[in-house]
>>> print(open('structure.pdb').read())   # PDB, C-alpha atoms
ATOM      1  CA  MET A 203     -13.677  24.466  27.095
ATOM      2  CA  GLN A 204     -12.406  21.168  25.729
ATOM      3  CA  HIS A 205      -8.713  20.401  25.554
ATOM      4  CA  GLN A 206      -7.918  18.934  22.177
ATOM      5  CA  PRO A 207      -4.218  18.182  21.761
ATOM      6  CA  ARG A 208      -2.477  19.774  18.838
ATOM      7  CA  ASN A 209      -0.214  17.838  16.481
ATOM      8  CA  ALA A 210       2.952  19.091  18.154
ATOM      9  CA  GLU A 211       1.680  17.984  21.568
ATOM     10  CA  VAL A 212       0.777  14.553  20.262
ATOM     11  CA  GLU A 213       4.165  14.169  18.603
ATOM     12  CA  LEU A 214       5.850  15.123  21.852
ATOM     13  CA  LEU A 215       3.811  12.518  23.730
ATOM     14  CA  TYR A 216       4.708   9.966  21.107
ATOM     15  CA  ARG A 217       8.421  10.716  21.331
ATOM     16  CA  ARG A 218       8.363  10.698  25.127
ATOM     17  CA  HIS A 219       6.249   7.611  25.792
ATOM     18  CA  GLY A 220       6.152   5.777  22.459
ATOM     19  CA  GLY A 221       8.921   3.356  23.373
ATOM     20  CA  ALA A 222       7.450   2.297  26.730
ATOM     21  CA  LEU A 223       3.959   2.091  25.245
ATOM     22  CA  MET A 224       5.269  -0.092  22.460
ATOM     23  CA  LEU A 225       7.046  -2.347  24.946
ATOM     24  CA  PHE A 226       3.871  -2.634  27.003
ATOM     25  CA  ALA A 227       1.850  -3.408  23.878
ATOM     26  CA  LEU A 228       4.406  -6.005  22.778
ATOM     27  CA  ALA A 229       4.310  -7.703  26.164
ATOM     28  CA  MET A 230       0.529  -7.869  25.976
ATOM     29  CA  ALA A 231      -0.094  -8.616  22.308
ATOM     30  CA  GLY A 232       2.858 -10.879  21.667
ATOM     31  CA  ASP A 233       3.773  -9.630  18.209
ATOM     32  CA  ARG A 234       5.091  -6.354  16.904
ATOM     33  CA  GLY A 235       2.408  -5.849  14.264
ATOM     34  CA  ARG A 236      -0.512  -5.914  16.706
ATOM     35  CA  ALA A 237       1.422  -3.886  19.235
ATOM     36  CA  GLN A 238       2.234  -1.218  16.678
ATOM     37  CA  ASP A 239      -1.397  -1.139  15.530
ATOM     38  CA  ALA A 240      -2.638  -0.599  19.065
ATOM     39  CA  VAL A 241      -0.201   2.233  19.794
ATOM     40  CA  GLN A 242      -0.901   3.907  16.461
ATOM     41  CA  ARG A 243      -4.664   3.694  17.001
ATOM     42  CA  VAL A 244      -4.373   5.482  20.329
ATOM     43  CA  PHE A 245      -2.313   8.309  18.882
ATOM     44  CA  LEU A 246      -4.494   8.560  15.820
ATOM     45  CA  ARG A 247      -7.491   9.124  18.086
ATOM     46  CA  LEU A 248      -5.602  11.920  19.779
ATOM     47  CA  LEU A 249      -4.774  13.491  16.428
ATOM     48  CA  GLU A 250      -8.401  13.272  15.410
ATOM     49  CA  GLY A 251      -9.317  15.343  18.424
ATOM     50  CA  ALA A 252      -9.854  13.020  21.389
ATOM     51  CA  ASN A 253     -10.773  15.037  24.439
ATOM     52  CA  LEU A 254      -8.108  15.122  27.162
ATOM     53  CA  ARG A 255      -9.953  17.619  29.383
ATOM     54  CA  GLU A 256     -10.798  15.135  32.096
ATOM     55  CA  VAL A 257      -7.490  13.293  31.908
ATOM     56  CA  VAL A 258      -5.494  13.839  35.106
ATOM     57  CA  ASP A 259      -2.422  11.841  34.134
ATOM     58  CA  VAL A 260      -1.842  11.687  30.397
ATOM     59  CA  ARG A 261       0.836   8.992  30.718
ATOM     60  CA  ALA A 262      -1.458   6.652  32.669
ATOM     61  CA  TYR A 263      -4.241   7.458  30.212
ATOM     62  CA  LEU A 264      -2.025   6.440  27.285
ATOM     63  CA  PHE A 265      -1.095   3.095  28.852
ATOM     64  CA  THR A 266      -4.725   2.370  29.686
ATOM     65  CA  SER A 267      -5.766   3.258  26.141
ATOM     66  CA  VAL A 268      -3.137   0.963  24.631
ATOM     67  CA  ARG A 269      -4.218  -1.843  26.964
ATOM     68  CA  ASN A 270      -7.858  -1.371  25.986
ATOM     69  CA  ALA A 271      -6.940  -1.272  22.311
ATOM     70  CA  ILE A 272      -5.181  -4.611  22.641
ATOM     71  CA  LEU A 273      -7.947  -6.174  24.715
ATOM     72  CA  ASN A 274     -10.464  -5.052  22.119
ATOM     73  CA  ASP A 275      -8.581  -7.114  19.581
ATOM     74  CA  ALA A 276     -10.600 -10.324  19.624
ATOM     75  CA  LYS A 277      -7.705 -12.375  18.313
ATOM     76  CA  VAL A 278      -5.589 -11.497  21.328
ATOM     77  CA  ARG A 279      -8.459 -11.973  23.776
ATOM     78  CA  ARG A 280      -9.236 -15.466  22.578
ATOM     79  CA  ARG A 281      -5.806 -17.007  23.064
ATOM     80  CA  SER A 282      -2.962 -16.921  25.523
ATOM     81  CA  VAL A 283      -0.296 -14.701  24.038
ATOM     82  CA  VAL A 284       2.925 -16.232  22.767
ATOM     83  CA  LEU A 285       5.731 -13.696  22.728
ATOM     84  CA  GLU A 286       7.699 -13.617  19.506
ATOM     85  CA  GLU A 287      11.387 -14.209  19.985
ATOM     86  CA  GLU A 288      12.858 -12.845  16.770
ATOM     87  CA  SER A 289      12.548  -9.104  17.236
ATOM     88  CA  ALA A 290      14.341  -7.150  19.925
ATOM     89  CA  TRP A 291      12.381  -5.172  22.490
ATOM     90  CA  PHE A 292      15.200  -3.175  24.017
ATOM     91  CA  GLU A 293      18.300  -1.279  23.205
ATOM     92  CA  PRO A 294      20.691  -2.978  25.638
ATOM     93  CA  PRO A 295      23.459  -1.193  27.556
ATOM     94  CA  HIS A 296      26.849  -1.542  25.844
ATOM     95  CA  ARG A 297      25.165  -3.323  22.943
ATOM     96  CA  ASP A 298      24.910  -6.436  25.060
ATOM     97  CA  TYR A 299      22.417  -8.247  22.867
ATOM     98  CA  ALA A 300      22.795 -11.480  24.813
ATOM     99  CA  ALA A 301      21.572  -9.652  27.913
ATOM    100  CA  GLU A 302      18.704  -8.201  25.881
ATOM    101  CA  PHE A 303      17.649 -11.661  24.785
ATOM    102  CA  ASN A 304      18.067 -12.883  28.340
ATOM    103  CA  LEU A 305      15.771 -10.131  29.623
ATOM    104  CA  ARG A 306      13.135 -10.880  27.006
ATOM    105  CA  ARG A 307      13.263 -14.561  27.837
ATOM    106  CA  ALA A 308      12.961 -13.750  31.534
ATOM    107  CA  LEU A 309       9.957 -11.473  30.892
ATOM    108  CA  ALA A 310       8.355 -14.292  28.952
ATOM    109  CA  THR A 311       8.521 -16.540  32.023
ATOM    110  CA  LEU A 312       6.305 -14.111  33.974
ATOM    111  CA  SER A 313       2.562 -14.370  34.058
ATOM    112  CA  GLU A 314       0.765 -11.730  31.959
ATOM    113  CA  ASP A 315      -0.402  -9.909  35.110
ATOM    114  CA  GLN A 316       3.104  -9.724  36.505
ATOM    115  CA  ARG A 317       4.619  -8.704  33.168
ATOM    116  CA  GLU A 318       2.150  -5.834  32.814
ATOM    117  CA  VAL A 319       2.983  -4.462  36.258
ATOM    118  CA  VAL A 320       6.746  -4.732  35.775
ATOM    119  CA  ILE A 321       6.684  -2.945  32.440
ATOM    120  CA  LEU A 322       4.324  -0.237  33.652
ATOM    121  CA  HIS A 323       6.452   0.427  36.725
ATOM    122  CA  VAL A 324      10.000   0.068  35.385
ATOM    123  CA  TRP A 325       9.732   1.425  31.859
ATOM    124  CA  GLY A 326       6.377   3.205  31.963
ATOM    125  CA  GLU A 327       7.374   4.908  35.217
ATOM    126  CA  LEU A 328       3.865   4.656  36.612
ATOM    127  CA  THR A 329       3.361   4.567  40.384
ATOM    128  CA  PHE A 330       1.530   1.631  41.933
ATOM    129  CA  ILE A 331      -1.517   3.843  42.403
ATOM    130  CA  GLU A 332      -1.504   4.740  38.705
ATOM    131  CA  ILE A 333      -0.971   1.107  37.761
ATOM    132  CA  ALA A 334      -3.854   0.140  40.034
ATOM    133  CA  LYS A 335      -6.139   2.580  38.223
ATOM    134  CA  ALA A 336      -4.971   1.496  34.786
ATOM    135  CA  LEU A 337      -5.415  -2.202  35.482
ATOM    136  CA  GLU A 338      -8.444  -1.800  37.741
ATOM    137  CA  ILE A 339      -6.789  -3.545  40.687
ATOM    138  CA  SER A 340      -5.778  -2.348  44.144
ATOM    139  CA  ALA A 341      -2.433  -0.615  44.658
ATOM    140  CA  ASN A 342      -1.401  -3.356  47.070
ATOM    141  CA  THR A 343      -2.077  -6.018  44.477
ATOM    142  CA  ALA A 344      -0.020  -4.055  41.974
ATOM    143  CA  ALA A 345       2.908  -3.749  44.422
ATOM    144  CA  SER A 346       2.672  -7.396  45.375
ATOM    145  CA  ARG A 347       2.682  -8.533  41.762
ATOM    146  CA  TYR A 348       5.652  -6.314  41.142
ATOM    147  CA  ARG A 349       7.725  -7.803  43.959
ATOM    148  CA  TYR A 350       7.018 -11.353  42.895
ATOM    149  CA  ALA A 351       7.741 -10.491  39.301
ATOM    150  CA  LEU A 352      11.014  -8.809  40.157
ATOM    151  CA  ALA A 353      12.183 -11.792  42.178
ATOM    152  CA  LYS A 354      11.301 -14.123  39.342
ATOM    153  CA  LEU A 355      13.071 -11.930  36.804
ATOM    154  CA  ARG A 356      16.215 -11.755  38.869
ATOM    155  CA  GLN A 357      16.222 -15.477  39.297
ATOM    156  CA  ALA A 358      15.746 -16.066  35.589
ATOM    157  CA  MET A 359      18.311 -13.510  34.501
ATOM    158  CA  CYS A 360      21.041 -13.808  37.076
ATOM    159  CA  ALA A 361      21.043 -17.379  38.309
ATOM    160  CA  LYS A 362      22.046 -19.146  35.091
ATOM    161  CA  GLU A 363      24.479 -16.875  33.338
ATOM    162  CA  ASN A 364      25.407 -14.532  36.162
ATOM    163  CA  THR A 365      24.623 -11.603  33.866
ATOM    164  CA  CYS A 366      23.540  -9.351  36.729
ATOM    165  CA  ALA A 367      26.818  -9.654  38.598
ATOM    166  CA  ASN A 368      27.765  -6.063  37.877
ATOM    167  CA  GLN A 369      24.354  -4.531  38.237
TER     168      GLN A 369
ATOM    169  CA  MET B 188       4.661  -2.775  50.535
ATOM    170  CA  PRO B 189       8.211  -1.392  50.678
ATOM    171  CA  ILE B 190      10.776  -2.270  48.017
ATOM    172  CA  ASN B 191      14.163  -3.295  49.415
ATOM    173  CA  ASP B 192      17.562  -2.042  48.220
ATOM    174  CA  ASP B 193      18.346  -5.132  46.209
ATOM    175  CA  ASP B 194      15.108  -4.672  44.320
ATOM    176  CA  LYS B 195      15.966  -1.007  43.758
ATOM    177  CA  GLN B 196      19.385  -1.980  42.403
ATOM    178  CA  PHE B 197      17.881  -4.570  40.107
ATOM    179  CA  GLU B 198      15.252  -2.086  38.994
ATOM    180  CA  LEU B 199      18.000   0.369  38.051
ATOM    181  CA  TYR B 200      19.743  -2.366  36.109
ATOM    182  CA  LEU B 201      16.519  -3.088  34.203
ATOM    183  CA  LYS B 202      16.043   0.591  33.406
ATOM    184  CA  ARG B 203      19.344   0.569  31.544
ATOM    185  CA  PHE B 204      17.583  -1.446  28.869
ATOM    186  CA  ARG B 205      15.765   1.197  26.893
ATOM    187  CA  PRO B 206      12.623   0.203  25.002
ATOM    188  CA  LEU B 207      13.045   0.467  21.253
ATOM    189  CA  ALA B 208      11.282   3.415  19.671
ATOM    190  CA  PRO B 209       8.207   2.480  17.668
ATOM    191  CA  ASP B 210       7.756   3.312  13.994
ATOM    192  CA  ALA B 211       7.092   6.884  12.888
ATOM    193  CA  PRO B 212       4.036   8.481  14.508
ATOM    194  CA  PRO B 213       0.812   8.377  12.544
ATOM    195  CA  SER B 214       0.084  11.428  10.450
ATOM    196  CA  GLU B 215      -3.170  13.260  10.977
ATOM    197  CA  ARG B 216      -6.133  11.491   9.415
ATOM    198  CA  PRO B 217      -4.084   9.592   6.850
ATOM    199  CA  ARG B 218      -7.036   7.622   5.491
ATOM    200  CA  HIS B 219      -9.217  10.689   5.117
ATOM    201  CA  SER B 220      -6.571  12.754   3.353
ATOM    202  CA  GLY B 221      -5.731   9.810   1.106
ATOM    203  CA  THR B 222      -9.383   9.339   0.224
ATOM    204  CA  ARG B 223      -9.793  13.060  -0.374
ATOM    205  CA  ARG B 224      -6.764  13.114  -2.666
ATOM    206  CA  THR B 225      -8.075  10.115  -4.624
ATOM    207  CA  LEU B 226     -11.489  11.738  -4.951
ATOM    208  CA  MET B 227      -9.916  14.970  -6.189
ATOM    209  CA  GLN B 228      -7.880  13.065  -8.773
ATOM    210  CA  ALA B 229     -10.961  11.159  -9.920
ATOM    211  CA  ALA B 230     -12.966  14.398 -10.189
ATOM    212  CA  CYS B 231     -10.180  16.024 -12.230
ATOM    213  CA  ALA B 232     -10.039  12.992 -14.549
ATOM    214  CA  VAL B 233     -13.831  13.031 -15.037
ATOM    215  CA  ALA B 234     -13.784  16.777 -15.727
ATOM    216  CA  ALA B 235     -11.010  16.318 -18.293
ATOM    217  CA  VAL B 236     -12.923  13.513 -20.041
ATOM    218  CA  VAL B 237     -16.138  15.596 -20.105
ATOM    219  CA  ALA B 238     -14.265  18.600 -21.501
ATOM    220  CA  LEU B 239     -12.673  16.433 -24.205
ATOM    221  CA  ALA B 240     -16.025  14.891 -25.080
ATOM    222  CA  ALA B 241     -17.639  18.326 -25.335
ATOM    223  CA  PHE B 242     -14.790  19.586 -27.504
ATOM    224  CA  ALA B 243     -15.047  16.519 -29.725
ATOM    225  CA  ALA B 244     -18.827  16.909 -30.000
ATOM    226  CA  THR B 245     -18.525  20.511 -31.179
ATOM    227  CA  VAL B 246     -15.522  20.158 -33.493
ATOM    228  CA  PHE B 247     -15.839  16.685 -35.043
ATOM    229  CA  PRO B 248     -19.319  17.039 -36.579
ATOM    230  CA  ARG B 249     -18.099  20.088 -38.512
ATOM    231  CA  ILE B 250     -15.030  18.244 -39.713
ATOM    232  CA  THR B 251     -17.064  15.157 -40.678
ATOM    233  CA  GLN B 252     -19.657  17.308 -42.408
ATOM    234  CA  THR B 253     -16.979  19.207 -44.325
ATOM    235  CA  ARG B 254     -15.178  16.004 -45.198
ATOM    236  CA  SER B 255     -18.318  14.192 -46.429
ATOM    237  CA  SER B 256     -19.443  17.116 -48.573
ATOM    238  CA  HIS B 257     -15.935  17.405 -49.976
ATOM    239  CA  VAL B 258     -15.879  13.680 -50.812
ATOM    240  CA  ALA B 259     -19.295  13.935 -52.491
ATOM    241  CA  GLU B 260     -18.136  16.881 -54.575
ATOM    242  CA  GLN B 261     -14.980  15.025 -55.563
ATOM    243  CA  SER B 262     -16.862  11.893 -56.602
ATOM    244  CA  GLU B 263     -19.277  13.972 -58.704
ATOM    245  CA  GLU B 264     -16.352  15.683 -60.373
ATOM    246  CA  HIS B 265     -14.673  12.329 -60.987
ATOM    247  CA  THR B 266     -17.851  11.016 -62.588
ATOM    248  CA  ARG B 267     -18.107  14.057 -64.845
ATOM    249  CA  ASN B 268     -14.445  13.952 -65.860
ATOM    250  CA  ALA B 269     -14.218  10.194 -65.961
ATOM    251  CA  GLU B 270     -12.288   8.853 -68.905
ATOM    252  CA  PRO B 271     -14.585   6.878 -71.220
ATOM    253  CA  LEU B 272     -13.968   3.158 -71.251
ATOM    254  CA  LEU B 273     -12.003   2.460 -74.392
ATOM    255  CA  TYR B 274     -11.937  -1.307 -74.235
ATOM    256  CA  PRO B 275     -14.851  -3.683 -73.995
ATOM    257  CA  PRO B 276     -15.647  -5.028 -70.578
ATOM    258  CA  PRO B 277     -13.672  -8.112 -69.487
ATOM    259  CA  LEU B 278     -14.886 -11.541 -70.536
ATOM    260  CA  THR B 279     -16.739 -13.382 -67.869
ATOM    261  CA  ILE B 280     -18.597 -16.685 -67.812
ATOM    262  CA  GLY B 281     -21.827 -14.683 -67.694
ATOM    263  CA  THR B 282     -21.044 -12.667 -70.820
ATOM    264  CA  ALA B 283     -19.769 -15.786 -72.623
ATOM    265  CA  ASN B 284     -22.993 -17.669 -71.834
ATOM    266  CA  ALA B 285     -25.048 -14.689 -72.991
ATOM    267  CA  LEU B 286     -23.124 -14.513 -76.251
ATOM    268  CA  LEU B 287     -23.413 -18.253 -76.876
ATOM    269  CA  SER B 288     -27.164 -18.151 -76.328
ATOM    270  CA  THR B 289     -27.755 -15.101 -78.563
ATOM    271  CA  ALA B 290     -25.214 -15.648 -81.350
ATOM    272  CA  PRO B 291     -26.494 -17.344 -84.514
ATOM    273  CA  SER B 292     -23.583 -19.780 -84.570
ATOM    274  CA  PHE B 293     -20.781 -20.982 -82.340
ATOM    275  CA  GLU B 294     -18.119 -19.390 -84.551
ATOM    276  CA  THR B 295     -19.866 -16.021 -84.438
ATOM    277  CA  ALA B 296     -19.980 -16.249 -80.702
ATOM    278  CA  LEU B 297     -16.231 -17.010 -80.606
ATOM    279  CA  ASP B 298     -15.558 -14.008 -82.814
ATOM    280  CA  GLU B 299     -17.571 -11.833 -80.493
ATOM    281  CA  ILE B 300     -15.756 -13.219 -77.460
ATOM    282  CA  ALA B 301     -12.264 -12.580 -78.916
ATOM    283  CA  VAL B 302     -10.548  -9.918 -76.904
ATOM    284  CA  PRO B 303      -9.121  -7.149 -79.020
ATOM    285  CA  SER B 304      -5.429  -6.516 -78.479
ATOM    286  CA  GLN B 305      -4.436  -3.386 -76.675
ATOM    287  CA  ARG B 306      -2.825  -0.941 -78.972
ATOM    288  CA  ILE B 307      -0.432   1.003 -76.903
ATOM    289  CA  PRO B 308       1.330   3.676 -78.903
ATOM    290  CA  LEU B 309       5.101   3.132 -78.845
ATOM    291  CA  PRO B 310       7.675   5.879 -79.190
ATOM    292  CA  LYS B 311       9.392   6.265 -82.598
ATOM    293  CA  GLY B 312      12.130   3.689 -83.320
ATOM    294  CA  LYS B 313      10.836   1.290 -80.633
ATOM    295  CA  HIS B 314       9.119  -1.978 -81.330
ATOM    296  CA  SER B 315       7.158  -4.258 -79.141
ATOM    297  CA  ALA B 316       8.803  -7.529 -78.160
ATOM    298  CA  LEU B 317       5.950  -9.481 -79.764
ATOM    299  CA  ALA B 318       6.478  -7.762 -83.117
ATOM    300  CA  VAL B 319      10.249  -8.408 -83.026
ATOM    301  CA  LEU B 320       9.777 -12.056 -82.165
ATOM    302  CA  GLY B 321       7.141 -12.386 -84.890
ATOM    303  CA  LYS B 322       9.588 -11.225 -87.552
ATOM    304  CA  GLU B 323      12.444 -13.428 -86.361
ATOM    305  CA  GLU B 324      13.006 -16.591 -88.372
ATOM    306  CA  THR B 325      13.381 -19.499 -86.173
ATOM    307  CA  LYS B 326      15.335 -22.439 -87.433
ATOM    308  CA  LEU B 327      14.264 -25.730 -86.044
TER     309      LEU B 327
END
>>> encode(input="structure.pdb", output="structure tokens")
Amino acid sequence: MQHQPRNAEVELLYRRHGGALMLFALAMAGDRGRAQDAVQRVFLRLLEGANLREVVDVRAYLFTSVRNAILNDAKVRRRSVVLEEESAWFEPPHRDYAAEFNLRRALATLSEDQREVVILHVWGELTFIEIAKALEISANTAASRYRYALAKLRQAMCAKENTCANQ
Amino acid sequence: MPINDDDKQFELYLKRFRPLAPDAPPSERPRHSGTRRTLMQAACAVAAVVALAAFAATVFPRITQTRSSHVAEQSEEHTRNAEPLLYPPPLTIGTANALLSTAPSFETALDEIAVPSQRIPLPKGKHSALAVLGKEETKL
């Protein structure tokens, strides 16, 4: 028997993971329009009856699908992605929009590989094993990228403006 | 590879930034339903046009037929009851040429050409302006 998600299930998935998926898509695609398209395409496929019977981890499946959707976009594949600076990615704590901008700028300094891993682990809440499967790398590579990325982020965010003093 | 406490603390700090929610979720098969709706509207419009055309085809010929026969009857009646022409036809270059070529003399032709005055009956006690002016003595 095939498991085809119903509308309510899909909406629940969208509400639960939509934000992190969108952030991941933004970090990969560079602009909000392409990111939104990729996320919407994935959920539209689910609504049209994509089979989730063999999916062990739906969350990991969603991130992988969004990644594939973006990589299938030839325009993104052909160039190195430039992250747009105008639109916000996060809702910052205490409406600290300077910190939000600081975080975005710090994420932009990371390599694409490192950025993917950080977003998948911190905001996507995927384990390194799940990240390894999604990105088709080893779990050790995923963990290693994460540690380097975190160090780089901290340096970029906290060294200049001391914004992480009260973390 | 273990993650140290500092990294854990920084990770917690990062998690306080919540990703912005994306736009509203896609509705089920929006393109298909939109296409279906458009097709339905087009079908309804075509059906309405066909029905109107059929109605027009059945009703209008009768009306046209009735109207044309009525017009023919009217024109026949008008011809029968037509008032006879009291005055000679208007003078044209054609009639003048014909008269000049057939008349024995130029003067006769001019007499023939002369347009008779219209005699419109006037009510009692009224006179035409021409008659009044004709009787008036003008002193120069």
>>> resolve_selection(input="structure.pdb", expression="the PyMOL selection byres ((chain A and resi 207-219) around 9)", output="PDB file with C-alpha atoms, keeping the file's coordinate frame")
ATOM      1  CA  HIS A 205      -8.713  20.401  25.554  1.00  0.00           C
ATOM      2  CA  GLN A 206      -7.918  18.934  22.177  1.00  0.00           C
ATOM      3  CA  GLY A 220       6.152   5.777  22.459  1.00  0.00           C
ATOM      4  CA  GLY A 221       8.921   3.356  23.373  1.00  0.00           C
ATOM      5  CA  ALA A 222       7.450   2.297  26.730  1.00  0.00           C
ATOM      6  CA  LEU A 223       3.959   2.091  25.245  1.00  0.00           C
ATOM      7  CA  MET A 224       5.269  -0.092  22.460  1.00  0.00           C
ATOM      8  CA  PHE A 245      -2.313   8.309  18.882  1.00  0.00           C
ATOM      9  CA  LEU A 248      -5.602  11.920  19.779  1.00  0.00           C
ATOM     10  CA  LEU A 249      -4.774  13.491  16.428  1.00  0.00           C
ATOM     11  CA  GLY A 251      -9.317  15.343  18.424  1.00  0.00           C
ATOM     12  CA  ALA A 252      -9.854  13.020  21.389  1.00  0.00           C
ATOM     13  CA  ASN A 253     -10.773  15.037  24.439  1.00  0.00           C
ATOM     14  CA  LEU A 254      -8.108  15.122  27.162  1.00  0.00           C
ATOM     15  CA  VAL A 260      -1.842  11.687  30.397  1.00  0.00           C
ATOM     16  CA  ARG A 261       0.836   8.992  30.718  1.00  0.00           C
ATOM     17  CA  LEU A 264      -2.025   6.440  27.285  1.00  0.00           C
ATOM     18  CA  GLY A 326       6.377   3.205  31.963  1.00  0.00           C
TER      19      GLY A 326
ATOM     20  CA  ALA B 208      11.282   3.415  19.671  1.00  0.00           C
ATOM     21  CA  PRO B 209       8.207   2.480  17.668  1.00  0.00           C
ATOM     22  CA  PRO B 212       4.036   8.481  14.508  1.00  0.00           C
ATOM     23  CA  SER B 214       0.084  11.428  10.450  1.00  0.00           C
ATOM     24  CA  GLU B 215      -3.170  13.260  10.977  1.00  0.00           C
TER      25      GLU B 215
END
>>> atom_distance(input="structure.pdb", atom1="CA of Val257 in chain A", atom2="CA of Ala211 in chain B")
24.8 Å
>>> atom_distance(input="structure.pdb", atom1="CA of Phe330 in chain A", atom2="CA of Gln316 in chain A")
12.7 Å
>>> closest_residue(input="structure.pdb", among="A:Asp298, A:Ala262, A:Glu256, A:Gln357", to="His323 in chain A", atoms="only C-alpha atoms")
A:Ala262
>>> atom_distance(input="structure.pdb", atom1="CA of Leu228 in chain A", atom2="CA of Trp291 in chain A")
8.0 Å
>>> decode(input="structure.pdb", residues="range 331-342 of chain A", atoms="C-alpha atoms", output="PDB file, in the first residue's frame")
ATOM      1  CA  ILE A 331      24.357  11.111   9.528  1.00  0.00           C
ATOM      2  CA  GLU A 332      21.227  12.586   7.943  1.00  0.00           C
ATOM      3  CA  ILE A 333      23.237  15.452   6.488  1.00  0.00           C
ATOM      4  CA  ALA A 334      25.730  12.943   5.106  1.00  0.00           C
ATOM      5  CA  LYS A 335      22.925  11.089   3.332  1.00  0.00           C
ATOM      6  CA  ALA A 336      21.331  14.265   2.021  1.00  0.00           C
ATOM      7  CA  LEU A 337      24.571  15.672   0.652  1.00  0.00           C
ATOM      8  CA  GLU A 338      26.054  12.316  -0.333  1.00  0.00           C
ATOM      9  CA  ILE A 339      29.159  12.778   1.815  1.00  0.00           C
ATOM     10  CA  SER A 340      30.485  10.918   4.845  1.00  0.00           C
ATOM     11  CA  ALA A 341      29.241  11.813   8.326  1.00  0.00           C
ATOM     12  CA  ASN A 342      32.783  12.717   9.342  1.00  0.00           C
TER      13      ASN A 342
END
